[in-house]
Every structure is written in C-alpha cells, then in structure tokens.
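Structure file upload_20.txt (compact mmCIF, C-alpha atoms and all ligand atoms) follows.
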```txt
# COMPACT_ATOMS: atom_id res chain seq x y z
CA MET J 1 12.84 -3.50 -14.63
CA ALA J 2 9.75 -2.77 -16.73
CA THR J 3 10.19 -0.76 -19.89
CA PHE J 4 7.50 1.76 -20.63
CA PRO J 5 6.02 2.73 -23.97
CA PRO J 6 6.51 6.38 -24.93
CA LEU J 7 4.20 8.96 -23.38
CA ARG J 8 1.12 9.58 -25.50
CA MET J 9 -0.33 12.70 -23.92
CA ASP J 10 -1.76 14.45 -26.95
CA LEU J 11 -3.20 11.78 -29.20
CA PRO J 12 -6.96 11.29 -28.68
CA ARG J 13 -7.51 7.80 -27.39
CA HIS J 14 -9.96 6.78 -30.13
CA LEU J 15 -7.26 7.49 -32.72
CA VAL J 16 -4.63 5.29 -31.13
CA GLY J 17 -3.84 2.33 -33.39
CA MET J 18 -5.87 3.68 -36.36
CA ASN J 19 -4.71 4.75 -39.76
CA VAL J 20 -5.88 8.38 -39.45
CA THR J 21 -5.31 9.31 -43.10
CA SER J 22 -7.73 6.72 -44.46
CA PRO J 23 -10.03 5.65 -41.65
CA ASN J 24 -12.13 3.30 -43.78
CA VAL J 25 -9.20 1.17 -44.87
CA THR J 26 -7.54 -1.11 -42.37
CA SER J 27 -3.97 -1.66 -43.52
CA PRO J 28 -1.99 -4.72 -42.37
CA SER J 29 0.17 -2.47 -40.16
CA ALA J 30 -2.95 -0.88 -38.61
CA ALA J 31 -4.38 -4.33 -37.93
CA HIS J 32 -1.12 -5.28 -36.26
CA GLN J 33 -1.17 -2.08 -34.18
CA SER J 34 -4.74 -2.70 -33.06
CA LEU J 35 -3.55 -5.89 -31.37
CA SER J 36 -0.56 -4.32 -29.67
CA PHE J 37 -0.22 -3.57 -25.96
CA SER J 38 -0.22 0.20 -26.55
CA SER J 39 -3.57 0.01 -28.35
CA LEU J 40 -5.30 -1.21 -25.18
CA PRO J 41 -7.12 1.35 -23.01
CA LEU J 42 -4.62 3.00 -20.66
CA SER J 43 -6.47 1.64 -17.61
CA VAL J 44 -6.01 -1.92 -18.93
CA GLN J 45 -2.32 -1.31 -19.70
CA THR J 46 -1.83 0.05 -16.17
CA TRP J 47 -3.63 -2.92 -14.65
CA ALA J 48 -1.39 -5.29 -16.64
CA VAL J 49 1.78 -3.54 -15.42
CA GLN J 50 0.46 -3.63 -11.88
CA MET J 51 -0.22 -7.37 -12.21
CA LEU J 52 3.28 -7.92 -13.54
CA ALA J 53 4.85 -6.01 -10.61
CA PHE J 54 2.57 -7.63 -8.03
CA HIS J 55 3.07 -11.22 -9.13
CA ALA J 56 6.79 -10.91 -9.91
CA PHE J 57 7.54 -9.46 -6.46
CA GLY J 58 4.97 -11.80 -4.88
CA LEU J 59 6.90 -14.76 -6.28
CA LEU J 60 10.17 -13.21 -5.13
CA PHE J 61 8.90 -12.99 -1.54
CA GLU J 62 7.57 -16.55 -1.86
CA ALA J 63 11.08 -17.67 -2.89
CA LEU J 64 12.56 -15.86 0.15
CA ASP J 65 10.09 -17.76 2.35
CA HIS J 66 10.65 -21.09 0.62
CA PHE J 67 14.44 -20.98 0.84
CA HIS J 68 14.46 -19.29 4.30
CA VAL J 69 16.47 -16.35 3.01
CA LEU J 70 17.17 -13.50 5.47
CA PRO J 71 15.55 -15.28 8.45
CA SER J 72 16.57 -12.49 10.85
CA ALA J 73 14.31 -10.05 8.96
CA LYS J 74 11.32 -12.45 8.91
CA VAL J 75 9.58 -11.10 11.99
CA ARG J 76 6.30 -12.96 11.40
CA SER J 77 7.09 -16.64 11.01
CA LEU J 78 5.35 -18.90 8.53
CA ARG J 79 4.73 -22.56 9.32
CA LYS J 80 4.05 -23.51 5.71
CA SER J 81 3.53 -21.70 2.43
CA GLN J 82 0.08 -20.15 1.97
CA TYR J 83 0.79 -19.03 -1.60
CA MET J 84 -1.41 -21.51 -3.50
CA HIS J 85 -4.20 -21.15 -0.94
CA LEU J 86 -4.21 -17.34 -1.27
CA LEU J 87 -3.72 -17.02 -5.03
CA PRO J 88 -7.28 -17.80 -6.33
CA ASN J 89 -8.87 -15.21 -4.03
CA VAL J 90 -6.21 -12.63 -4.99
CA LEU J 91 -6.68 -13.22 -8.74
CA ARG J 92 -10.48 -13.04 -8.43
CA ASN J 93 -10.21 -9.62 -6.76
CA GLN J 94 -7.68 -8.31 -9.25
CA VAL J 95 -9.54 -9.54 -12.35
CA PHE J 96 -13.18 -9.06 -11.36
CA VAL J 97 -12.99 -6.02 -9.05
CA LEU J 98 -9.89 -3.95 -9.83
CA LEU J 99 -9.81 -4.26 -13.63
CA PRO J 100 -13.48 -3.30 -14.23
CA PHE J 101 -13.23 -0.48 -11.66
CA MET J 102 -10.17 0.99 -13.44
CA TRP J 103 -11.73 0.64 -16.88
CA VAL J 104 -15.03 2.25 -15.79
CA MET J 105 -13.10 5.21 -14.34
CA GLU J 106 -11.44 5.70 -17.73
CA VAL J 107 -14.71 5.31 -19.69
CA LEU J 108 -16.37 7.89 -17.41
CA GLY J 109 -13.46 10.27 -18.06
CA LEU J 110 -12.52 10.37 -14.36
CA ALA J 111 -9.05 8.77 -14.55
CA PHE J 112 -6.36 7.85 -17.10
CA VAL J 113 -7.33 10.90 -19.17
CA GLY J 114 -6.22 14.44 -19.89
CA SER J 115 -2.80 16.01 -20.02
CA LEU J 116 -0.14 16.11 -17.31
CA SER J 117 2.53 18.79 -17.13
CA PRO J 118 5.84 17.95 -15.43
CA LEU J 119 4.82 20.18 -12.50
CA ARG J 120 1.49 18.37 -12.09
CA PHE J 121 3.33 15.07 -12.36
CA MET J 122 5.52 16.03 -9.38
CA LEU J 123 2.61 17.51 -7.41
CA ASN J 124 0.31 14.56 -8.03
CA LEU J 125 2.59 12.04 -6.33
CA PRO J 126 2.40 13.56 -2.80
CA LEU J 127 -1.24 14.56 -3.34
CA MET J 128 -2.14 10.99 -4.22
CA ALA J 129 -0.24 9.71 -1.18
CA LEU J 130 -2.29 12.05 1.01
CA GLY J 131 -5.54 11.15 -0.74
CA HIS J 132 -4.76 7.46 -0.44
CA GLU J 133 -4.21 7.84 3.28
CA LEU J 134 -7.44 9.81 3.78
CA VAL J 135 -9.67 7.38 1.86
CA GLN J 136 -8.04 4.30 3.31
CA TYR J 137 -8.11 5.54 6.90
CA ILE J 138 -11.80 6.45 6.75
CA GLY J 139 -12.86 3.25 4.99
CA HIS J 140 -10.63 0.97 7.04
CA ARG J 141 -11.36 2.44 10.45
CA TYR J 142 -15.00 3.47 10.17
CA LEU J 143 -16.42 0.96 7.65
CA LEU J 144 -14.32 -2.17 8.05
CA HIS J 145 -13.47 -2.05 11.76
CA ALA J 146 -16.41 -0.27 13.34
CA PRO J 147 -19.39 -1.71 11.53
CA ASN J 148 -22.68 -2.97 12.90
CA VAL J 149 -23.51 -6.66 12.49
CA PHE J 150 -25.08 -6.10 9.05
CA LEU J 151 -21.94 -4.36 7.74
CA MET J 152 -19.68 -6.98 9.35
CA LYS J 153 -21.51 -9.66 7.38
CA LEU J 154 -21.32 -7.60 4.20
CA PHE J 155 -17.63 -6.60 4.36
CA ARG J 156 -16.09 -9.68 6.06
CA HIS J 157 -12.83 -7.88 6.85
CA SER J 158 -11.92 -10.85 9.06
CA VAL J 159 -10.98 -12.75 5.86
CA HIS J 160 -8.05 -10.37 5.34
CA HIS J 161 -7.04 -10.39 9.02
CA SER J 162 -7.00 -14.20 9.06
CA THR J 163 -3.68 -14.09 7.16
CA ARG J 164 -1.75 -12.34 9.99
CA ALA J 165 0.31 -10.47 7.32
CA ASN J 166 3.01 -13.11 7.03
CA SER J 167 2.73 -13.89 3.32
CA ALA J 168 3.27 -11.14 0.72
CA ILE J 169 0.35 -11.85 -1.62
CA SER J 170 -2.08 -11.78 1.33
CA ALA J 171 -2.05 -8.01 0.61
CA CYS J 172 -4.95 -8.70 -1.77
CA TYR J 173 -6.51 -11.69 0.04
CA MET J 174 -9.90 -10.36 1.14
CA SER J 175 -13.61 -10.33 0.34
CA PRO J 176 -14.51 -8.49 -2.89
CA VAL J 177 -16.28 -5.65 -1.02
CA ASP J 178 -13.31 -5.28 1.33
CA PHE J 179 -11.00 -5.17 -1.71
CA PHE J 180 -13.16 -2.46 -3.30
CA ILE J 181 -13.01 -0.34 -0.11
CA GLU J 182 -9.41 -0.98 0.94
CA ILE J 183 -7.60 -1.29 -2.41
CA GLY J 184 -9.78 0.10 -5.22
CA CYS J 185 -11.14 3.30 -3.64
CA PRO J 186 -7.90 4.55 -1.99
CA TYR J 187 -6.18 4.18 -5.38
CA LEU J 188 -8.81 5.44 -7.81
CA LEU J 189 -10.70 8.15 -5.88
CA PRO J 190 -7.55 10.26 -5.24
CA LEU J 191 -6.55 9.66 -8.86
CA ALA J 192 -9.87 11.17 -9.99
CA ALA J 193 -9.49 13.99 -7.43
CA VAL J 194 -6.12 15.09 -8.86
CA GLY J 195 -7.65 15.30 -12.33
CA GLY J 196 -7.20 11.74 -13.59
CA GLY J 197 -3.41 11.58 -13.80
CA GLY J 198 -3.27 12.35 -17.53
CA GLY J 199 -3.35 10.12 -20.58
CA GLY J 200 0.36 9.23 -20.50
CA ALA J 201 1.57 5.86 -19.34
CA PHE J 202 4.57 6.59 -17.12
CA PHE J 203 2.75 8.29 -14.22
CA HIS J 204 0.17 5.50 -14.00
CA PHE J 205 2.70 2.69 -14.29
CA LEU J 206 4.80 4.28 -11.55
CA VAL J 207 1.88 4.78 -9.13
CA ALA J 208 0.32 1.36 -9.73
CA GLY J 209 3.65 -0.51 -9.63
CA ALA J 210 4.85 1.23 -6.46
CA GLY J 211 1.51 0.59 -4.75
CA ALA J 212 1.67 -3.11 -5.60
CA VAL J 213 5.22 -3.55 -4.26
CA GLY J 214 4.47 -1.57 -1.08
CA GLY J 215 1.42 -3.70 -0.30
CA LEU J 216 3.39 -6.90 -0.81
CA TYR J 217 6.19 -5.77 1.48
CA GLU J 218 3.96 -4.76 4.37
CA HIS J 219 2.20 -8.15 4.25
CA SER J 220 5.33 -10.24 3.70
CA GLY J 221 6.23 -10.75 7.36
CA TYR J 222 9.64 -9.30 6.50
CA ASP J 223 10.82 -6.11 8.17
CA PHE J 224 14.11 -5.15 6.54
CA ALA J 225 14.47 -2.21 8.93
CA THR J 226 15.53 -4.70 11.64
CA ALA J 227 19.03 -4.47 10.16
CA PHE J 228 19.16 -0.70 10.73
CA ARG J 229 17.33 0.03 14.01
CA PRO J 230 18.37 -0.81 17.60
CA ALA J 231 17.26 -4.33 18.51
CA PHE J 232 15.18 -3.13 21.47
CA GLU J 233 12.88 -1.29 19.01
CA ASN J 234 11.90 -4.46 17.13
CA LEU J 235 8.47 -6.00 17.42
CA GLY J 236 8.28 -8.75 20.01
CA GLU J 237 10.89 -7.15 22.27
CA LYS J 238 9.91 -6.25 25.81
CA PRO J 239 8.11 -2.86 25.81
CA MET J 240 10.11 -0.09 27.49
CA SER J 241 9.00 3.00 29.35
CA ASP J 242 10.06 6.39 27.98
CA SER J 243 12.86 6.70 30.54
CA GLU J 244 14.15 3.17 29.84
CA LYS J 245 14.18 3.89 26.12
CA LYS J 246 16.02 7.19 26.62
CA ALA J 247 18.66 5.42 28.74
CA ALA J 248 19.05 2.74 26.06
CA TYR J 249 19.56 5.37 23.34
CA ASP J 250 22.03 7.29 25.54
CA ALA J 251 24.03 4.10 26.08
CA LEU J 252 23.96 3.43 22.35
CA ALA J 253 25.22 6.96 21.55
CA LEU J 254 28.21 6.50 23.89
CA ASP J 255 29.11 3.29 22.14
CA ASP J 256 28.42 4.59 18.64
CA GLY J 257 31.46 4.51 16.35
CA ARG J 258 29.44 5.56 13.28
CA GLY J 259 30.24 8.77 11.42
CA PRO J 260 27.50 11.35 10.77
CA LEU J 261 26.89 10.19 7.17
CA THR J 262 26.61 6.52 8.17
CA ARG J 263 24.30 7.44 11.02
CA PHE J 264 22.11 9.56 8.71
CA VAL J 265 21.82 6.83 6.05
CA THR J 266 21.20 4.11 8.65
CA ASN J 267 18.47 6.14 10.36
CA TRP J 268 16.87 6.99 7.03
CA LEU J 269 16.79 3.32 5.99
CA ALA J 270 15.39 2.34 9.39
CA ASP J 271 12.53 4.85 8.87
CA PHE J 272 11.94 4.15 5.19
CA LEU J 273 11.83 0.35 5.51
CA ASP J 274 9.80 0.36 8.74
CA ASN J 275 6.61 -1.66 8.28
CA ARG J 276 5.76 -2.35 11.92
CA ALA J 277 2.52 -0.36 11.64
CA HIS J 278 0.60 -2.78 9.44
CA LEU J 279 2.09 -5.83 11.16
CA GLU J 280 0.77 -4.41 14.43
CA HIS J 281 -2.60 -3.67 12.81
CA HIS J 282 -2.99 -7.35 11.94
CA MET J 283 -2.26 -8.25 15.58
CA ARG J 284 -4.25 -5.48 17.27
CA GLY J 285 -7.13 -4.39 15.03
CA TYR J 286 -7.58 -1.05 16.83
CA VAL J 287 -4.24 0.52 15.76
CA SER J 288 -2.72 1.92 12.53
CA PHE J 289 -5.50 2.06 9.96
CA SER J 290 -3.28 3.69 7.28
CA ASP J 291 -0.86 1.70 5.16
CA GLY J 292 2.16 0.67 7.16
CA PHE J 293 4.74 1.25 4.44
CA GLY J 294 5.07 4.35 2.28
CA SER J 295 2.33 6.18 4.15
CA PRO J 296 2.86 9.42 6.09
CA SER J 297 0.42 8.05 8.74
CA ILE J 298 -0.77 11.60 9.41
CA LEU J 299 -4.28 10.61 10.49
CA ASP J 300 -3.01 7.79 12.70
CA THR J 301 -0.70 10.32 14.37
CA LEU J 302 -3.29 13.10 14.72
CA LEU J 303 -5.99 10.75 16.02
CA ARG J 304 -3.50 8.83 18.18
CA THR J 305 -4.30 5.47 16.63
CA ARG J 306 -0.73 4.89 15.43
CA TRP J 307 0.52 1.57 16.76
CA ASN J 308 3.09 3.15 19.09
CA LEU J 309 0.79 5.94 20.31
CA SER J 310 -2.45 4.11 21.06
CA GLU J 311 -1.32 2.57 24.37
CA ARG J 312 -0.15 5.96 25.60
CA ARG J 313 -3.47 7.46 24.52
CA ARG J 314 -5.34 4.76 26.40
CA ALA J 315 -3.21 5.39 29.50
CA ASP J 316 -3.86 9.16 29.20
CA VAL J 317 -7.61 8.56 28.92
CA GLU J 318 -7.65 6.24 31.94
CA ARG J 319 -5.54 8.65 34.02
CA GLU J 320 -7.83 11.57 33.15
CA TRP J 321 -10.91 9.47 33.86
CA ALA J 322 -9.54 8.50 37.29
CA ARG J 323 -8.70 12.15 38.02
CA GLN J 324 -12.21 13.34 37.19
CA HIS J 325 -13.74 10.44 39.07
CA SER J 326 -11.79 11.28 42.25
CA GLN J 327 -12.91 14.94 42.03
CA HIS J 328 -16.57 13.97 42.13
CA GLN J 329 -16.38 11.67 45.10
ZN ZN J 401 -3.40 -6.08 5.81
ZN ZN J 402 -7.99 -4.12 9.32
```
Would you give me this structure, written as structure tokens?
Ligand SMILES: [Zn+2]
Ligand SMILES: [Zn+2]
Amino acid sequence: MATFPPLRMDLPRHLVGMNVTSPNVTSPSAAHQSLSFSSLPLSVQTWAVQMLAFHAFGLLFEALDHFHVLPSAKVRSLRKSQYMHLLPNVLRNQVFVLLPFMWVMEVLGLAFVGSLSPLRFMLNLPLMALGHELVQYIGHRYLLHAPNVFLMKLFRHSVHHSTRANSAISACYMSPVDFFIEIGCPYLLPLAAVGGGGGGAFFHFLVAGAGAVGGLYEHSGYDFATAFRPAFENLGEKPMSDSEKKAAYDALALDDGRGPLTRFVTNWLADFLDNRAHLEHHMRGYVSFSDGFGSPSILDTLLRTRWNLSERRRADVEREWARQHSQHQ
C-alpha cells in the first residue's frame, strides 16, 4: 500500500521546498528538501506513483502467469511470457509521452493545480469517469477504428490489438500516437475539464493509481468474475438465445441455496470484476470501445456497440432491412 505525503493545497508551488523567510540563503535543510520527492512538480510525483502501481501490479500478474496461479480465471491463455518483449515499448510510452504530457498540463495551469474541497473531491471522481469514457469512446471508435488509410498508417492501432489482451502490461503496448489518444487524452482532458483536480496529492494519486491497475486487469487475460457468475455466461461458452438463457437462470434459481446477502454480494462481485468487454474488443474490433473494467459503458450501451448488444443490433438491422425490402417488391 502506497503512503501519501500530506495534502499541500494552499502552499504556492514555487514556494515548496524553499526557505521562505530568507529566500537568498539556501540552508542545508532547504537543500535537502529541494531534492525530496515532495519538492517535485505534482504531475511528476503523480506519474511516479502511477509507475509504481503499474509496474508492481504488472509484475504481480506476470507472477500469476509464470506460476500458473488461478488457471480457471485465466480466460485468455498465454503460450509463453510476453513481458520482456512488451516492456520497452511500454516504458517508452510512459516516459516519453505520458510524463511530458502531464508536466505540460501542470505548467499550462490546466491540471494538478488549484484547490479541491471535499465536495469537489467526491464529485470529481464520477465526473472524471464519465469524461474518461466520453474521450476514450470518441477517440477509440472514430479515430483508431474508423480511420482512412492515412490515419491507419499514422495511428497503427493494430500494434495494440496484436497482443490479444492476454498479458497485463500490454495495456500500454501501443504506438506513441495511439497511447496519446487512448491513454493520455482520456486521463488528462477530463482532469482539465473538472478544474485540474487541485494541488493536493491524494486525489491525483488515487485517480492515477486506480487507472493503472484497472488497465492492467482488463488486459491480463484474467477474468476473476468467472468465480461468481453462472458458467454459461463465460466467454467461450456456446451463445444462448434469450429464451435459453431465461430457462437456464430459472433452473439455477430453483437450485439456489444461497441466502439473499450471499446472492447480493456474489452478483455484485460478478458485475464489478467483469472485464469481458475489453477482452471481446480485442477479438472483435467493432464492439465495446469504452474501457472494459471500471467504466459505466454508457456510450457503448446507448449506441448499441457493447459486446453483448452488437449482435442483437445487427440482427435488428438485418430484420428491418428485409422487412423494408419485401415491402418494395
Ligand atoms: Zn486493449
Ligand atoms: Zn481497439
């Protein structure tokens, strides 16, 4: 568990680490402070915490793969480790794209600045989740997946899809432009839109750390919800019609010895841990353009591109097309 430095909401950033009573004299303690972690720009501190979370959990998932831990939850198998192959590309994107982008946003006064009341803190979290979804959906669907040949060459989104989402750190394995569109913008544009998130550390560490862990999970090939949902709902199982699925749930309810609390907790875990959406996106590039884990998937639902709605939408379109066609014959 990371420990966070105290919130520093009120101190102007240029005064942090300086001896404010005698600015022309650099005392030994001031010199020591100027080299400390808390004297770094907040954007750089946040990036460092994000790197720590990303690579610690990335290594943890790598260990699960290496030692074949929880094989029943590994829904996307891995023939051999891709970790060392993926790592240089991931580090390049994190160091040369994400870090400068974050720092420039702070220098421009667009993020990592200002004050943050407790109410704004609580409001900013869902607002940023919504903003993240909006920016990612638009960029992912309309720039990365529906480009002309020139944009395809420029973005090279196929680099990311080549991983098949079966290795956690592949979350950041992509071309630099793709990384800017799919990782940088959905994080930093909503942050600027909610007023920058304040000059305190905790909010930024929480958002950046949670984002890193969520991305790793949805690319890990692990789906821990398999332990909590009916087996016939898992990826790779034979698709069922609506009536077949209803009959299967009815049969399950008859045989269900769980109490209401157990059922509630199990269903909640099955929903919360569900990452089928992004796994399906890596298989079928025309579904689920939002994040698969931790995203409300509102746009995928409204526009019927969610992985479990798109086939029905296609069937509806074909049925309606056939109906109109028969009318005009
Ligand atoms: Zn992906
Ligand atoms: Zn994609």
Among the residues J:His140, J:Arg92, J:Arg263, J:His325, the one that comes closest to ligand ZN 401 (chain J) [using only C-alpha atoms and all ligand atoms]: J:His140
Could you tell me which of J:Ala56, J:Leu151, J:Gly139, J:Ile169 comes closest to J:Met84 if we count only C-alpha atoms?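 With only C-alpha atoms as the atom set, the closest residue is J:Ile169.
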Point-to-point distance from atom CA of J:His85 to atom CA of J:Val149, Å rounded to tenths: 27.6 Å
Within 12 Å of ligand ZN 401 (chain J) (counting all atoms listed in the file), which residues show up? I'd like them as a PyMOL selection string. chain J and resi 136+140+144+157-174+178-179+182-183+214-221+275-285+287-293
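Take atom CA of J:Met152 and atom CA of J:Tyr286: the distance between them is 15.4 Å.
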If you measure from atom CA of J:Gly259 to atom CA of J:Phe228, what distance in Å do you get, rounded to one decimal? 14.6 Å
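Each of J:Trp47, J:Tyr83, J:Phe67, J:Tyr142 was compared to ligand ZN 402 (chain J) using only C-alpha atoms and all ligand atoms, and J:Tyr142 turns out to be the nearest.
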Restricting the calculation to only C-alpha atoms: of J:Pro88, J:Gly114, J:Pro296, J:Pro71, which residue gets closest to J:Gly195?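 Smallest distance to J:Gly195 is found for J:Gly114.
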Which residue gives the smallest distance to ligand ZN 402 (chain J) among J:Pro41, J:Pro147, J:Gly197, J:Gly58, with only C-alpha atoms and all ligand atoms counted?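 Smallest separation from ligand ZN 402 (chain J) among the options: J:Pro147.
Here the question is which of J:Ala253, J:Leu206, J:Ile181, J:Ala212 gets nearest to ligand ZN 402 (chain J) using all atoms listed in the file, and that residue is J:Ile181.
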Hey, could you patch up stretch 140-167 of chain J with N, CA and C atoms and hand it over as a PDB file, in the coordinates of the input?
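Below is the file rebuild-v8.pdb, written as the result:
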```
ATOM      1  N   HIS J 140     -11.160   2.071   6.227  1.00  0.00           N
ATOM      2  CA  HIS J 140     -10.630   0.970   7.040  1.00  0.00           C
ATOM      3  C   HIS J 140     -11.097   1.096   8.490  1.00  0.00           C
ATOM      4  N   ARG J 141     -11.002   2.302   9.041  1.00  0.00           N
ATOM      5  CA  ARG J 141     -11.360   2.440  10.450  1.00  0.00           C
ATOM      6  C   ARG J 141     -12.873   2.445  10.667  1.00  0.00           C
ATOM      7  N   TYR J 142     -13.589   3.232   9.843  1.00  0.00           N
ATOM      8  CA  TYR J 142     -15.000   3.470  10.170  1.00  0.00           C
ATOM      9  C   TYR J 142     -15.967   2.537   9.428  1.00  0.00           C
ATOM     10  N   LEU J 143     -15.533   1.920   8.328  1.00  0.00           N
ATOM     11  CA  LEU J 143     -16.420   0.960   7.650  1.00  0.00           C
ATOM     12  C   LEU J 143     -16.034  -0.481   7.972  1.00  0.00           C
ATOM     13  N   LEU J 144     -14.730  -0.768   7.913  1.00  0.00           N
ATOM     14  CA  LEU J 144     -14.320  -2.170   8.050  1.00  0.00           C
ATOM     15  C   LEU J 144     -14.143  -2.606   9.503  1.00  0.00           C
ATOM     16  N   HIS J 145     -13.748  -1.652  10.370  1.00  0.00           N
ATOM     17  CA  HIS J 145     -13.470  -2.050  11.760  1.00  0.00           C
ATOM     18  C   HIS J 145     -14.519  -1.589  12.750  1.00  0.00           C
ATOM     19  N   ALA J 146     -15.400  -0.713  12.378  1.00  0.00           N
ATOM     20  CA  ALA J 146     -16.410  -0.270  13.340  1.00  0.00           C
ATOM     21  C   ALA J 146     -17.809  -0.445  12.763  1.00  0.00           C
ATOM     22  N   PRO J 147     -18.074  -1.562  12.149  1.00  0.00           N
ATOM     23  CA  PRO J 147     -19.390  -1.710  11.530  1.00  0.00           C
ATOM     24  C   PRO J 147     -20.397  -2.309  12.513  1.00  0.00           C
ATOM     25  N   ASN J 148     -21.679  -2.206  12.157  1.00  0.00           N
ATOM     26  CA  ASN J 148     -22.680  -2.970  12.900  1.00  0.00           C
ATOM     27  C   ASN J 148     -22.691  -4.392  12.328  1.00  0.00           C
ATOM     28  N   VAL J 149     -23.551  -5.245  12.877  1.00  0.00           N
ATOM     29  CA  VAL J 149     -23.510  -6.660  12.490  1.00  0.00           C
ATOM     30  C   VAL J 149     -23.811  -6.819  10.986  1.00  0.00           C
ATOM     31  N   PHE J 150     -24.747  -6.002  10.476  1.00  0.00           N
ATOM     32  CA  PHE J 150     -25.080  -6.100   9.050  1.00  0.00           C
ATOM     33  C   PHE J 150     -23.852  -5.803   8.182  1.00  0.00           C
ATOM     34  N   LEU J 151     -23.132  -4.727   8.528  1.00  0.00           N
ATOM     35  CA  LEU J 151     -21.940  -4.360   7.740  1.00  0.00           C
ATOM     36  C   LEU J 151     -20.814  -5.383   7.925  1.00  0.00           C
ATOM     37  N   MET J 152     -20.700  -5.930   9.133  1.00  0.00           N
ATOM     38  CA  MET J 152     -19.680  -6.980   9.350  1.00  0.00           C
ATOM     39  C   MET J 152     -19.901  -8.153   8.409  1.00  0.00           C
ATOM     40  N   LYS J 153     -21.190  -8.541   8.269  1.00  0.00           N
ATOM     41  CA  LYS J 153     -21.510  -9.660   7.380  1.00  0.00           C
ATOM     42  C   LYS J 153     -21.223  -9.293   5.930  1.00  0.00           C
ATOM     43  N   LEU J 154     -21.493  -8.042   5.583  1.00  0.00           N
ATOM     44  CA  LEU J 154     -21.320  -7.600   4.200  1.00  0.00           C
ATOM     45  C   LEU J 154     -19.844  -7.487   3.826  1.00  0.00           C
ATOM     46  N   PHE J 155     -19.024  -6.906   4.704  1.00  0.00           N
ATOM     47  CA  PHE J 155     -17.630  -6.600   4.360  1.00  0.00           C
ATOM     48  C   PHE J 155     -16.680  -7.768   4.634  1.00  0.00           C
ATOM     49  N   ARG J 156     -16.909  -8.510   5.698  1.00  0.00           N
ATOM     50  CA  ARG J 156     -16.090  -9.680   6.060  1.00  0.00           C
ATOM     51  C   ARG J 156     -14.577  -9.343   6.054  1.00  0.00           C
ATOM     52  N   HIS J 157     -14.241  -8.293   6.769  1.00  0.00           N
ATOM     53  CA  HIS J 157     -12.830  -7.880   6.850  1.00  0.00           C
ATOM     54  C   HIS J 157     -11.990  -8.926   7.577  1.00  0.00           C
ATOM     55  N   SER J 158     -12.641  -9.798   8.339  1.00  0.00           N
ATOM     56  CA  SER J 158     -11.920 -10.850   9.060  1.00  0.00           C
ATOM     57  C   SER J 158     -11.185 -11.786   8.095  1.00  0.00           C
ATOM     58  N   VAL J 159     -11.665 -11.890   6.854  1.00  0.00           N
ATOM     59  CA  VAL J 159     -10.980 -12.750   5.860  1.00  0.00           C
ATOM     60  C   VAL J 159      -9.542 -12.250   5.675  1.00  0.00           C
ATOM     61  N   HIS J 160      -9.397 -10.935   5.525  1.00  0.00           N
ATOM     62  CA  HIS J 160      -8.050 -10.370   5.340  1.00  0.00           C
ATOM     63  C   HIS J 160      -7.213 -10.545   6.610  1.00  0.00           C
ATOM     64  N   HIS J 161      -7.816 -10.298   7.780  1.00  0.00           N
ATOM     65  CA  HIS J 161      -7.040 -10.390   9.020  1.00  0.00           C
ATOM     66  C   HIS J 161      -6.650 -11.826   9.345  1.00  0.00           C
ATOM     67  N   SER J 162      -7.328 -12.800   8.764  1.00  0.00           N
ATOM     68  CA  SER J 162      -7.000 -14.200   9.060  1.00  0.00           C
ATOM     69  C   SER J 162      -5.586 -14.554   8.590  1.00  0.00           C
ATOM     70  N   THR J 163      -5.001 -13.757   7.705  1.00  0.00           N
ATOM     71  CA  THR J 163      -3.680 -14.090   7.160  1.00  0.00           C
ATOM     72  C   THR J 163      -2.538 -13.697   8.096  1.00  0.00           C
ATOM     73  N   ARG J 164      -2.779 -12.804   9.045  1.00  0.00           N
ATOM     74  CA  ARG J 164      -1.750 -12.340   9.990  1.00  0.00           C
ATOM     75  C   ARG J 164      -0.574 -11.640   9.297  1.00  0.00           C
ATOM     76  N   ALA J 165      -0.728 -11.234   8.050  1.00  0.00           N
ATOM     77  CA  ALA J 165       0.310 -10.470   7.320  1.00  0.00           C
ATOM     78  C   ALA J 165       1.665 -11.157   7.361  1.00  0.00           C
ATOM     79  N   ASN J 166       1.703 -12.446   7.067  1.00  0.00           N
ATOM     80  CA  ASN J 166       3.010 -13.110   7.030  1.00  0.00           C
ATOM     81  C   ASN J 166       3.305 -13.742   5.676  1.00  0.00           C
ATOM     82  N   SER J 167       2.504 -13.385   4.672  1.00  0.00           N
ATOM     83  CA  SER J 167       2.730 -13.890   3.320  1.00  0.00           C
ATOM     84  C   SER J 167       2.421 -12.746   2.350  1.00  0.00           C
TER      85      SER J 167
END
```
